[in-house]
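Structure first, then comments.
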Amino acid sequence: MLRLLFSVLFIASLGLSVSAVSAREIPAREASDSCESLLGHDYSRRDDVRFRLDAAEETEIDGRATCVVTGYAAPSVRFEVKLPVAGWSGRYLQLGCGGYCGRAVTSTSSRQTSGCAPLESGDMVIASSNLGHERSAKWFADGLWAEGNPGAVIDLAYAATHKTAVVAKALIADFYGTPPEYSYFSGCSNGGREALQVAQRYPEDFDGILSGAPTIDMVATNTVWHAWNARANTGPDGMPILTADKIPALADAVLAACAGDDGLIADPRSCTFTADSLICKGADNPGCLTPAQAAVVTKVWQGPVSDSGEALFAGGFPKGSERAWIGSLIPSDPLAKMGPATAGEATWSWDFPMFLASFDPGAGLRPDEIAFTAEGFDRITGLSRLYDPTDTDLGPFERAGGKLVIWQGWADSGSSPLSTLNYVAGVRQQLGAAAGDMLALYMVPGAYHCAGGPVPVHADFLSGLMTWVEDGTRPAAVDVAYETAPKDATVTTVRAVQPYESANAAADLTPWRGLAAYAPKPGMSCSWKGASIVCD
């Protein structure tokens with residue numbers, strides 16, 4: 001209760017209206033048996049997902065008794081499910097995980113659900129999983145576990161999300177004697193991609209799905225996109241060409257040219273500022289760019305292209321994202337060379353092309369071996385239909401009554417805003433008017449990846465989704481709190497962000513080599529046939 005009160009007061013202090021779920025009242029549920037009694041069930045002989053429990057222990061979380069269950073679903077999906085012993089609201093929330101996962105999400109705190117009273121009250125069952133593998137304790141973008149392990153790759157791609165939902169719902173039914181009344185999913189980045197995968201592949205698993213900054217084009221993002229940026233900013237000596245001391249002037253110049261009165265760029269696509277306009281007129285200094293640095297900025301904004309001029313990704317980093325380039329495109333240490341240990345663009349394109357882009361352990365590529373050609377693109381993206389939720393026919397999810405809320409930051413350099421617009425435009429073209437009854441999109445000016453720094457934001461997209469599911473009221477404006485205004489570190493501002501609508505869905509499509517996948521084309525499905533993995 002104290003945690004909920006603090007959250008409400010914190011959000012109120014920022015000037016936000018605290019979202020309230022105006023859905024029907026759901027009688028509180030009590031556990032029908034002890035937490036430890038779950039260990040007496042044998043879940044290893046089920047017809048669908050087979051799993052075993054390691055522990056079921058009642059403990060206190062934020063002042064309330066909670067049954068915490070851990071175990072694994074075959075073959076290696078380790079899960080954690082938290083069930084309130086008393087006062088369960090009948091709601092179930094599954095959390096997605098970022099990066100390449102490898103750990104269950106243990107905290108319900110999230111910038112995209114900040115201030116959601118039903119969540120922060122502790123009245124919901126919460127579950128998450130490692131998506132089928134354990135990652136390195138020190139290397140967040142670890143993909144070595146995938147070498148010779150195709151089953152784990154399939155779990156990461158889509159299967160483990162469904163397995164976790166089946167596990168949690170079975171435990172709920174046994175613990176409370178009734179299934180959940182409403183089931184929700186919330187994730188950002190890779191978790192946002194998980195969200196769209198489950199809407200596409202398992203349309204009846206969840207009533208409401210919240211997808212934040214989804215890495216829709218996961219394969220291309222973690223190969224050609226990040227590798228292009230890392231290579232663009234690496235000099236012959238291995239040092240960065242564009243350096244951190246140039247970022248403040250570059251970022252300020254972009255905002256001065258393209259931001260509105262609120263200091264934010266409403267839509268970077270309309271920003272015509274060029275890096276060449278910031279080339280030094282005299283001696284090199286932190287307030288200007290050298291010609292070589294301007295060329296790097298231009299390449300990064302443009303995104304990867306082939307020698308023939310074909311776009312190999314849906315654009316580059318959006319204008320307005322420049323303050324996030326330090327640590328990503330540029331090492332934070334001015335003396336450090338570009339590499340996976342110093343620059344995020346090198347990190348995220350390091351393991352994926354080597355270990356995750358193919359089932360064949362010998363077919364992997366180092367980032368410097370990626371060819372920015374049509375042939376090179378096709379070679380490295382052969383498993384896109386496995387990882388990428390680009391089937392735009394969400395008719396089964398819509399007909400099941402599902403509701404989908406997607407939000408994306410316009411300053412996101414981790415997952416492309418243009419990929420999100422491509423996806424939503426495709427869904428709207430496919431479903432027509434029915435898309436409005438199922439899908440709501442928010443494009444948030446000035447928000448970076450998953451609402452993180454350097455200008456962190458807080459918002460509650462979950463409450464509106466729950467209201468939509470439970471009483472049919474479509475989400476309206478969402479209050480977004482900016483922790484630090486771009487030009488004044490002491491100011492916190494709040495803006496109401498309306499759902500994004502487009503008069504012409506085709507205008508939101510950014511042509512590139514992978515755009516053809518944004519169509520009713522079912523994702524690749526894989527299964528074991530004897531000792532081998534077979535994919536359609």
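How things are named: the first chain in the structure tokens is A, the next is B, and so on; residues count from 1 in each chain; ligands count from 1 in the order shown.
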
Using only C-alpha atoms, tabulate the residues of region 167-195 of chain A lying at most 12 Å from any atom of region 44-61 of chain A, each with its closest atom pair and that distance in Å to one decimal, by chain and increasing residue number, as a tab-separated table.
residue	atom	partner	partner_atom	distance
A:Val167	CA	A:Val49	CA	7.3
A:Ala168	CA	A:Phe51	CA	10.7
A:Lys169	CA	A:Val49	CA	11.3
A:Ala170	CA	A:Val49	CA	10.0
A:Leu171	CA	A:Leu53	CA	10.1
A:Phe175	CA	A:Ala56	CA	10.9

Those residues you just picked out, can you put them in a file as a PDB file, in the first residue's frame with C-alpha atoms?
ATOM      1  CA  VAL A 167       2.365 -22.185 -17.406  1.00  0.00           C
ATOM      2  CA  ALA A 168       1.064 -19.147 -15.559  1.00  0.00           C
ATOM      3  CA  LYS A 169      -2.560 -19.823 -16.421  1.00  0.00           C
ATOM      4  CA  ALA A 170      -2.266 -23.443 -15.257  1.00  0.00           C
ATOM      5  CA  LEU A 171      -0.811 -22.293 -11.934  1.00  0.00           C
ATOM      6  CA  PHE A 175      -3.979 -21.900  -6.944  1.00  0.00           C
TER       7      PHE A 175
END

Wanna dump the region 310-419 of chain A-region 220-238 of chain A contacts at 10 Å for me, each residue with its shortest atom pair and the distance in Å to one decimal, counting only C-alpha atoms, ordered by chain and number, as CSV?
residue,atom,partner,partner_atom,distance
A:Leu312,CA,A:Val224,CA,7.4
A:Phe313,CA,A:Trp225,CA,6.6
A:Ala314,CA,A:Trp225,CA,9.1
A:Gly315,CA,A:Trp225,CA,9.0
A:Gly316,CA,A:Trp225,CA,7.6
A:Phe317,CA,A:Asn229,CA,9.0
A:Ser328,CA,A:Ala230,CA,8.7
A:Leu329,CA,A:Ala230,CA,6.3
A:Ile330,CA,A:Asn233,CA,7.7
A:Ala336,CA,A:Gly238,CA,9.0
A:Lys337,CA,A:Gly238,CA,5.4
A:Met338,CA,A:Gly238,CA,5.9
A:Gly339,CA,A:Ala230,CA,8.1
A:Pro340,CA,A:Ala230,CA,9.3
A:Ala343,CA,A:Ala230,CA,7.8
A:Gly344,CA,A:His226,CA,8.4
A:Glu345,CA,A:His226,CA,4.9
A:Ala346,CA,A:Ala230,CA,5.4
A:Thr347,CA,A:His226,CA,8.5
A:Trp348,CA,A:Asn222,CA,5.7
A:Ser349,CA,A:Asn222,CA,5.0
A:Trp350,CA,A:Thr223,CA,8.1
A:Asp351,CA,A:Asn222,CA,8.7
A:Phe352,CA,A:Asn222,CA,6.1
A:Pro353,CA,A:Thr223,CA,5.8
A:Met354,CA,A:Thr223,CA,9.5
A:Leu356,CA,A:Asn222,CA,9.6
A:Ala357,CA,A:Thr223,CA,8.5
A:Leu365,CA,A:Thr223,CA,9.5
A:Arg366,CA,A:Thr223,CA,9.6
A:Pro367,CA,A:Ala227,CA,6.0
A:Asp368,CA,A:Ala227,CA,7.7
A:Glu369,CA,A:Ala227,CA,9.8
A:Ile370,CA,A:Val224,CA,7.1
A:Ala371,CA,A:Val224,CA,8.4
A:Phe372,CA,A:Val224,CA,7.2
A:Thr373,CA,A:Val224,CA,10.0
A:Gly376,CA,A:Val224,CA,9.2
A:Phe377,CA,A:Val224,CA,7.3
A:Asp378,CA,A:Ala220,CA,9.9
A:Ile380,CA,A:Thr223,CA,7.3
A:Thr381,CA,A:Ala220,CA,6.4
A:Gly382,CA,A:Ala220,CA,10.0
A:Leu383,CA,A:Ala220,CA,10.0
A:Ser384,CA,A:Ala220,CA,7.8
A:Asp388,CA,A:Ala220,CA,9.3
A:Ser413,CA,A:His226,CA,9.7
A:Gly414,CA,A:Thr221,CA,8.5
A:Ser415,CA,A:Thr221,CA,7.5
A:Ser416,CA,A:Thr221,CA,8.3
A:Ser419,CA,A:Thr221,CA,9.9

Report task. Identify, on the basis of only C-alpha atoms, every residue whose closest approach to region 30-35 of chain A does not exceed 9 Å; exclude the query and any residue fewer than 6 positions from it along the same chain; express the result as a PyMOL selection string. Result -> chain A and resi 56-58+66-69+83-88+174-177

Report task. Determine which residues of region 323-425 of chain A DSSP labels as strand (DSSP E) from the backbone of this structure, then write them out as a PyMOL selection string. Result -> chain A and resi 403-409
